[in-house]
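Participant: Structure file coords.pdb, PDB, C-alpha atoms, is pasted below:
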MODEL        1
ATOM      1  CA  MET A   1     -22.684  -1.246  10.424  1.00  0.00           C
ATOM      2  CA  LYS A   2     -20.586   0.817   8.076  1.00  0.00           C
ATOM      3  CA  TYR A   3     -19.743  -0.383   4.574  1.00  0.00           C
ATOM      4  CA  LEU A   4     -17.870   0.938   1.593  1.00  0.00           C
ATOM      5  CA  LEU A   5     -19.510   0.246  -1.772  1.00  0.00           C
ATOM      6  CA  MET A   6     -16.827   0.519  -4.442  1.00  0.00           C
ATOM      7  CA  MET A   7     -17.631   1.119  -8.091  1.00  0.00           C
ATOM      8  CA  LYS A   8     -14.890   0.080 -10.483  1.00  0.00           C
ATOM      9  CA  TYR A   9     -14.155   0.465 -14.164  1.00  0.00           C
ATOM     10  CA  THR A  10     -12.036  -1.866 -16.208  1.00  0.00           C
ATOM     11  CA  SER A  11      -9.077  -0.548 -18.170  1.00  0.00           C
ATOM     12  CA  ASP A  12     -10.871  -1.123 -21.484  1.00  0.00           C
ATOM     13  CA  VAL A  13     -13.300   1.721 -20.675  1.00  0.00           C
ATOM     14  CA  LEU A  14     -10.722   4.001 -19.079  1.00  0.00           C
ATOM     15  CA  ASP A  15     -10.879   6.760 -21.680  1.00  0.00           C
ATOM     16  CA  ALA A  16     -14.568   6.489 -22.554  1.00  0.00           C
ATOM     17  CA  PRO A  17     -16.676   4.681 -19.936  1.00  0.00           C
ATOM     18  CA  THR A  18     -19.886   5.654 -21.747  1.00  0.00           C
ATOM     19  CA  GLN A  19     -18.641   5.258 -25.328  1.00  0.00           C
ATOM     20  CA  ASP A  20     -21.357   2.771 -26.287  1.00  0.00           C
ATOM     21  CA  MET A  21     -24.177   4.876 -24.818  1.00  0.00           C
ATOM     22  CA  THR A  22     -26.387   7.579 -26.311  1.00  0.00           C
ATOM     23  CA  PRO A  23     -26.747  10.886 -24.441  1.00  0.00           C
ATOM     24  CA  GLN A  24     -30.215   9.729 -23.304  1.00  0.00           C
ATOM     25  CA  GLU A  25     -28.791   6.443 -21.967  1.00  0.00           C
ATOM     26  CA  ILE A  26     -26.029   8.305 -20.111  1.00  0.00           C
ATOM     27  CA  GLU A  27     -28.645  10.592 -18.564  1.00  0.00           C
ATOM     28  CA  ALA A  28     -30.780   7.603 -17.523  1.00  0.00           C
ATOM     29  CA  SER A  29     -27.776   5.954 -15.886  1.00  0.00           C
ATOM     30  CA  TRP A  30     -26.852   9.130 -13.999  1.00  0.00           C
ATOM     31  CA  LYS A  31     -30.456   9.624 -12.858  1.00  0.00           C
ATOM     32  CA  HIS A  32     -30.526   6.029 -11.589  1.00  0.00           C
ATOM     33  CA  MET A  33     -27.378   6.595  -9.527  1.00  0.00           C
ATOM     34  CA  GLN A  34     -28.570   9.994  -8.272  1.00  0.00           C
ATOM     35  CA  ALA A  35     -31.880   8.466  -7.152  1.00  0.00           C
ATOM     36  CA  ILE A  36     -30.040   5.827  -5.119  1.00  0.00           C
ATOM     37  CA  GLN A  37     -27.810   8.466  -3.536  1.00  0.00           C
ATOM     38  CA  GLN A  38     -30.820  10.674  -2.714  1.00  0.00           C
ATOM     39  CA  ASP A  39     -32.654   7.707  -1.161  1.00  0.00           C
ATOM     40  CA  LEU A  40     -29.613   6.841   0.969  1.00  0.00           C
ATOM     41  CA  ASP A  41     -29.251  10.461   2.053  1.00  0.00           C
ATOM     42  CA  ALA A  42     -32.948  10.767   2.938  1.00  0.00           C
ATOM     43  CA  ALA A  43     -32.758   7.534   4.976  1.00  0.00           C
ATOM     44  CA  GLY A  44     -29.698   8.808   6.873  1.00  0.00           C
ATOM     45  CA  GLU A  45     -27.632   5.900   5.533  1.00  0.00           C
ATOM     46  CA  LEU A  46     -25.190   7.890   3.369  1.00  0.00           C
ATOM     47  CA  LEU A  47     -21.985   8.912   5.123  1.00  0.00           C
ATOM     48  CA  GLY A  48     -20.050  10.018   2.049  1.00  0.00           C
ATOM     49  CA  ALA A  49     -19.817   9.596  -1.690  1.00  0.00           C
ATOM     50  CA  GLU A  50     -17.202  10.600  -4.213  1.00  0.00           C
ATOM     51  CA  GLY A  51     -16.207   9.980  -7.782  1.00  0.00           C
ATOM     52  CA  LEU A  52     -12.486   9.609  -8.321  1.00  0.00           C
ATOM     53  CA  ALA A  53     -10.162  10.822 -11.068  1.00  0.00           C
ATOM     54  CA  GLY A  54      -8.817   8.123 -13.348  1.00  0.00           C
ATOM     55  CA  PRO A  55      -5.656   6.201 -12.557  1.00  0.00           C
ATOM     56  CA  GLN A  56      -3.618   8.440 -14.859  1.00  0.00           C
ATOM     57  CA  MET A  57      -3.895  11.059 -12.078  1.00  0.00           C
ATOM     58  CA  ALA A  58      -2.908   8.664  -9.256  1.00  0.00           C
ATOM     59  CA  LYS A  59       0.390   8.709  -7.401  1.00  0.00           C
ATOM     60  CA  ILE A  60       1.941   5.831  -5.487  1.00  0.00           C
ATOM     61  CA  VAL A  61       3.848   6.913  -2.382  1.00  0.00           C
ATOM     62  CA  THR A  62       6.247   4.709  -0.435  1.00  0.00           C
ATOM     63  CA  SER A  63       8.361   5.689   2.529  1.00  0.00           C
ATOM     64  CA  ASP A  64      10.637   4.112   5.096  1.00  0.00           C
ATOM     65  CA  GLY A  65       9.990   7.014   7.476  1.00  0.00           C
ATOM     66  CA  VAL A  66      13.599   8.202   7.219  1.00  0.00           C
ATOM     67  CA  ALA A  67      14.421   9.179   3.657  1.00  0.00           C
ATOM     68  CA  ALA A  68      12.278  11.366   1.427  1.00  0.00           C
ATOM     69  CA  PRO A  69       9.208   9.520   0.177  1.00  0.00           C
ATOM     70  CA  VAL A  70       9.321   7.971  -3.273  1.00  0.00           C
ATOM     71  CA  VAL A  71       6.460   9.174  -5.468  1.00  0.00           C
ATOM     72  CA  THR A  72       5.671   7.429  -8.742  1.00  0.00           C
ATOM     73  CA  ASP A  73       2.838   7.560 -11.208  1.00  0.00           C
ATOM     74  CA  GLY A  74       0.366   4.767 -10.820  1.00  0.00           C
ATOM     75  CA  PRO A  75      -1.299   2.426 -10.956  1.00  0.00           C
ATOM     76  CA  TYR A  76       0.573   0.693 -13.684  1.00  0.00           C
ATOM     77  CA  PRO A  77      -1.040   0.631 -17.148  1.00  0.00           C
ATOM     78  CA  GLU A  78      -1.443  -3.136 -16.996  1.00  0.00           C
ATOM     79  CA  ALA A  79      -3.880  -2.774 -14.095  1.00  0.00           C
ATOM     80  CA  LYS A  80      -7.125  -4.458 -15.120  1.00  0.00           C
ATOM     81  CA  GLU A  81      -9.486  -2.257 -13.119  1.00  0.00           C
ATOM     82  CA  PHE A  82      -9.529   0.928 -11.083  1.00  0.00           C
ATOM     83  CA  LEU A  83     -11.708   2.478  -8.413  1.00  0.00           C
ATOM     84  CA  ALA A  84     -13.999   5.025 -10.069  1.00  0.00           C
ATOM     85  CA  GLY A  85     -16.000   6.067  -7.016  1.00  0.00           C
ATOM     86  CA  PHE A  86     -17.565   4.973  -3.761  1.00  0.00           C
ATOM     87  CA  TRP A  87     -20.403   5.359  -1.325  1.00  0.00           C
ATOM     88  CA  MET A  88     -19.770   5.041   2.382  1.00  0.00           C
ATOM     89  CA  ILE A  89     -22.935   3.899   4.094  1.00  0.00           C
ATOM     90  CA  ASP A  90     -24.136   3.126   7.606  1.00  0.00           C
ATOM     91  CA  VAL A  91     -26.883   0.495   7.469  1.00  0.00           C
ATOM     92  CA  ASP A  92     -28.450  -2.148   9.699  1.00  0.00           C
ATOM     93  CA  GLY A  93     -26.353  -4.952   8.271  1.00  0.00           C
ATOM     94  CA  GLU A  94     -24.810  -6.758   5.346  1.00  0.00           C
ATOM     95  CA  GLU A  95     -28.175  -7.658   3.798  1.00  0.00           C
ATOM     96  CA  ARG A  96     -29.044  -3.957   3.364  1.00  0.00           C
ATOM     97  CA  ALA A  97     -25.564  -3.183   1.984  1.00  0.00           C
ATOM     98  CA  ILE A  98     -25.968  -5.958  -0.583  1.00  0.00           C
ATOM     99  CA  GLU A  99     -29.446  -4.682  -1.492  1.00  0.00           C
ATOM    100  CA  ILE A 100     -27.986  -1.221  -2.233  1.00  0.00           C
ATOM    101  CA  ALA A 101     -25.084  -2.727  -4.195  1.00  0.00           C
ATOM    102  CA  ALA A 102     -27.507  -4.787  -6.297  1.00  0.00           C
ATOM    103  CA  ARG A 103     -29.575  -1.706  -7.106  1.00  0.00           C
ATOM    104  CA  THR A 104     -26.376   0.121  -8.050  1.00  0.00           C
ATOM    105  CA  SER A 105     -25.179  -2.749 -10.249  1.00  0.00           C
ATOM    106  CA  ALA A 106     -28.475  -2.647 -12.141  1.00  0.00           C
ATOM    107  CA  ALA A 107     -27.894   0.912 -13.412  1.00  0.00           C
ATOM    108  CA  PRO A 108     -29.061   1.159 -17.017  1.00  0.00           C
ATOM    109  CA  GLY A 109     -26.466   0.980 -19.758  1.00  0.00           C
ATOM    110  CA  PRO A 110     -26.587   0.720 -23.545  1.00  0.00           C
ATOM    111  CA  GLY A 111     -30.100   0.015 -24.776  1.00  0.00           C
ATOM    112  CA  GLY A 112     -31.394   0.514 -21.221  1.00  0.00           C
ATOM    113  CA  ARG A 113     -30.111  -2.925 -20.226  1.00  0.00           C
ATOM    114  CA  PRO A 114     -28.693  -3.228 -16.682  1.00  0.00           C
ATOM    115  CA  THR A 115     -24.917  -2.869 -16.710  1.00  0.00           C
ATOM    116  CA  ALA A 116     -24.459  -5.580 -14.059  1.00  0.00           C
ATOM    117  CA  LYS A 117     -21.156  -3.961 -13.083  1.00  0.00           C
ATOM    118  CA  PRO A 118     -19.596  -5.596 -10.025  1.00  0.00           C
ATOM    119  CA  ILE A 119     -19.939  -3.479  -6.879  1.00  0.00           C
ATOM    120  CA  GLU A 120     -17.516  -4.403  -4.111  1.00  0.00           C
ATOM    121  CA  VAL A 121     -19.106  -4.345  -0.650  1.00  0.00           C
ATOM    122  CA  ARG A 122     -16.603  -4.145   2.174  1.00  0.00           C
ATOM    123  CA  PRO A 123     -17.255  -3.641   5.901  1.00  0.00           C
ATOM    124  CA  ILE A 124     -15.432  -0.704   7.432  1.00  0.00           C
ATOM    125  CA  MET A 125     -13.314  -1.738  10.382  1.00  0.00           C
ATOM    126  CA  THR A 126     -13.648   0.191  13.594  1.00  0.00           C
ATOM    127  CA  GLY A 127     -10.934   0.666  16.138  1.00  0.00           C
ATOM    128  CA  PRO A 128     -11.159   0.509  19.909  1.00  0.00           C
ATOM    129  CA  ASP A 129     -13.439   2.978  21.634  1.00  0.00           C
ATOM    130  CA  PRO A 130     -11.229   5.983  22.592  1.00  0.00           C
ATOM    131  CA  ALA A 131     -13.403   6.589  25.676  1.00  0.00           C
ATOM    132  CA  MET A 132     -12.239   3.305  27.214  1.00  0.00           C
TER
ENDMDL
END
Starting from the file, give its structure as structure tokens.

Facilitator:
Amino acid sequence: MKYLLMMKYTSDVLDAPTQDMTPQEIEASWKHMQAIQQDLDAAGELLGAEGLAGPQMAKIVTSDGVAAPVVTDGPYPEAKEFLAGFWMIDVDGEERAIEIAARTSAAPGPGGRPTAKPIEVRPIMTGPDPAM
């Protein structure tokens, strides 16, 4: 089953997500995340992974299919959280996806304590088989 694991930041850390961390703590956190990604890749479970630019770079596009699309900056500054990055995985089931999300959530933060950041786990929908 395919899942998307979404890592989010809250707006209060938008400009400096690691502001309360020493360079050594930042390195430890990155190494933790890299180790997970390498393990997923080695197991053949990683389909894709990307970090995303902050919401100040986002655009919101709406269209009625007739007129020119309307493009605005977004999301709005009052947004409480934003998607910072994701891993797309293909695993045996939800239990494995949750196991990976829990390991991700436990990335070290200030003082080496687990950050316990929420990781959203969402199944990826599949469409009908085109061969049918």

Participant: What separation in Å, quoted to one decimal, exists between CA of Phe82 (chain A) and CA of Ala58 (chain A)?

Facilitator: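 Result for CA of Phe82 (chain A) versus CA of Ala58 (chain A): 10.3 Å, one decimal.
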
Participant: Tell me, in Å to one decimal, how far CA of Trp87 (chain A) is from CA of Val121 (chain A).

Facilitator: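 CA of Val121 (chain A) lies at a distance of 9.8 Å from CA of Trp87 (chain A).
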
Participant: Neighbours of Thr126 (chain A) within 12 Å (all atoms listed in the file; same-chain residues fewer than 6 positions away dropped), as a list in words?

Facilitator: Met1, Lys2 and Tyr3 of chain A

Participant: Considering only C-alpha atoms, return as a ChimeraX atom specification whatever protein or nucleic-acid residues lie within 10 Å of region 59-61 of chain A, sequence-local ones (same chain, fewer than 2 positions apart) excluded.

Facilitator: /A:55-57,63,69-76

Participant: In Å, how far is it from CA of Gly93 (chain A) to CA of Met125 (chain A)?

Facilitator: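 Interatomic distance, CA of Gly93 (chain A) to CA of Met125 (chain A): 13.6 Å.
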
Participant: Pick from A:Ala35, A:Ala106, A:Leu4, A:Ile26: nearest to Ala49 (chain A), with only C-alpha atoms counted?

Facilitator: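 When distances to Ala49 (chain A) are compared using only C-alpha atoms, the smallest one comes from A:Leu4.
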
Participant: From the options A:Met6, A:Thr115, A:Asp41, A:Leu83, which residue's atoms come nearest to Ile98 (chain A), counting only C-alpha atoms?

Facilitator: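 Among the listed residues, the smallest separation from Ile98 (chain A) belongs to A:Met6.
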
Participant: Identify, on the basis of all atoms listed in the file, every residue whose closest approach to Gly112 (chain A) does not exceed 10 Å; exclude the query and any residue fewer than 4 positions from it along the same chain; express the result as number ranges by chain.

Facilitator: A: 21, 24-26, 28-29, 107-108

Participant: Mind completing region 50-61 of chain A with all heavy atoms? Output as an mmCIF file, in the frame of the given file, please?

Facilitator:
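Dumped everything to out37.cif:
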data_model
loop_
_atom_site.group_PDB
_atom_site.id
_atom_site.type_symbol
_atom_site.label_atom_id
_atom_site.label_comp_id
_atom_site.auth_asym_id
_atom_site.auth_seq_id
_atom_site.Cartn_x
_atom_site.Cartn_y
_atom_site.Cartn_z
ATOM 1 N N GLU A 50 -18.094 9.848 -3.341
ATOM 2 C CA GLU A 50 -17.202 10.600 -4.213
ATOM 3 C C GLU A 50 -16.916 9.819 -5.474
ATOM 4 O O GLU A 50 -16.836 8.591 -5.457
ATOM 5 C CB GLU A 50 -15.858 10.885 -3.522
ATOM 6 C CG GLU A 50 -15.948 11.773 -2.304
ATOM 7 C CD GLU A 50 -16.362 13.206 -2.576
ATOM 8 O OE1 GLU A 50 -16.227 13.683 -3.724
ATOM 9 O OE2 GLU A 50 -16.848 13.856 -1.642
ATOM 10 N N GLY A 51 -16.760 10.535 -6.559
ATOM 11 C CA GLY A 51 -16.207 9.980 -7.782
ATOM 12 C C GLY A 51 -14.721 10.286 -7.773
ATOM 13 O O GLY A 51 -14.301 11.303 -7.214
ATOM 14 N N LEU A 52 -13.937 9.426 -8.346
ATOM 15 C CA LEU A 52 -12.486 9.609 -8.321
ATOM 16 C C LEU A 52 -11.944 9.848 -9.719
ATOM 17 O O LEU A 52 -12.472 9.324 -10.701
ATOM 18 C CB LEU A 52 -11.819 8.367 -7.718
ATOM 19 C CG LEU A 52 -12.263 8.011 -6.301
ATOM 20 C CD1 LEU A 52 -11.648 6.684 -5.878
ATOM 21 C CD2 LEU A 52 -11.882 9.115 -5.331
ATOM 22 N N ALA A 53 -10.856 10.626 -9.795
ATOM 23 C CA ALA A 53 -10.162 10.822 -11.068
ATOM 24 C C ALA A 53 -9.606 9.481 -11.518
ATOM 25 O O ALA A 53 -9.397 8.565 -10.716
ATOM 26 C CB ALA A 53 -9.029 11.828 -10.890
ATOM 27 N N GLY A 54 -9.361 9.359 -12.797
ATOM 28 C CA GLY A 54 -8.817 8.123 -13.348
ATOM 29 C C GLY A 54 -7.415 7.830 -12.855
ATOM 30 O O GLY A 54 -6.741 8.696 -12.282
ATOM 31 N N PRO A 55 -6.962 6.607 -13.071
ATOM 32 C CA PRO A 55 -5.656 6.201 -12.557
ATOM 33 C C PRO A 55 -4.491 6.990 -13.145
ATOM 34 O O PRO A 55 -3.416 7.048 -12.546
ATOM 35 C CB PRO A 55 -5.562 4.717 -12.926
ATOM 36 C CG PRO A 55 -6.562 4.507 -13.996
ATOM 37 C CD PRO A 55 -7.628 5.533 -13.796
ATOM 38 N N GLN A 56 -4.692 7.637 -14.290
ATOM 39 C CA GLN A 56 -3.618 8.440 -14.859
ATOM 40 C C GLN A 56 -3.266 9.621 -13.958
ATOM 41 O O GLN A 56 -2.195 10.201 -14.088
ATOM 42 C CB GLN A 56 -3.970 8.903 -16.284
ATOM 43 C CG GLN A 56 -5.085 9.928 -16.370
ATOM 44 C CD GLN A 56 -6.481 9.340 -16.365
ATOM 45 O OE1 GLN A 56 -6.699 8.184 -16.023
ATOM 46 N NE2 GLN A 56 -7.461 10.157 -16.717
ATOM 47 N N MET A 57 -4.144 9.965 -13.019
ATOM 48 C CA MET A 57 -3.895 11.059 -12.078
ATOM 49 C C MET A 57 -3.359 10.551 -10.734
ATOM 50 O O MET A 57 -3.004 11.348 -9.867
ATOM 51 C CB MET A 57 -5.190 11.838 -11.831
ATOM 52 C CG MET A 57 -5.794 12.465 -13.076
ATOM 53 S SD MET A 57 -4.784 13.759 -13.780
ATOM 54 C CE MET A 57 -4.878 14.979 -12.482
ATOM 55 N N ALA A 58 -3.307 9.241 -10.542
ATOM 56 C CA ALA A 58 -2.908 8.664 -9.256
ATOM 57 C C ALA A 58 -1.403 8.736 -9.046
ATOM 58 O O ALA A 58 -0.618 8.744 -9.999
ATOM 59 C CB ALA A 58 -3.373 7.213 -9.175
ATOM 60 N N LYS A 59 -1.013 8.779 -7.812
ATOM 61 C CA LYS A 59 0.390 8.709 -7.401
ATOM 62 C C LYS A 59 0.521 7.582 -6.384
ATOM 63 O O LYS A 59 -0.357 7.386 -5.553
ATOM 64 C CB LYS A 59 0.857 10.013 -6.738
ATOM 65 C CG LYS A 59 0.722 11.238 -7.619
ATOM 66 C CD LYS A 59 1.665 11.193 -8.783
ATOM 67 C CE LYS A 59 1.544 12.455 -9.619
ATOM 68 N NZ LYS A 59 1.937 12.279 -10.981
ATOM 69 N N ILE A 60 1.624 6.869 -6.454
ATOM 70 C CA ILE A 60 1.941 5.831 -5.487
ATOM 71 C C ILE A 60 3.071 6.379 -4.620
ATOM 72 O O ILE A 60 4.104 6.808 -5.137
ATOM 73 C CB ILE A 60 2.387 4.518 -6.181
ATOM 74 C CG1 ILE A 60 1.338 4.049 -7.189
ATOM 75 C CG2 ILE A 60 2.714 3.449 -5.145
ATOM 76 C CD1 ILE A 60 0.007 3.669 -6.612
ATOM 77 N N VAL A 61 2.866 6.370 -3.314
ATOM 78 C CA VAL A 61 3.848 6.913 -2.382
ATOM 79 C C VAL A 61 4.338 5.800 -1.474
ATOM 80 O O VAL A 61 3.537 5.083 -0.877
ATOM 81 C CB VAL A 61 3.232 8.048 -1.527
ATOM 82 C CG1 VAL A 61 4.251 8.591 -0.532
ATOM 83 C CG2 VAL A 61 2.668 9.149 -2.414
#
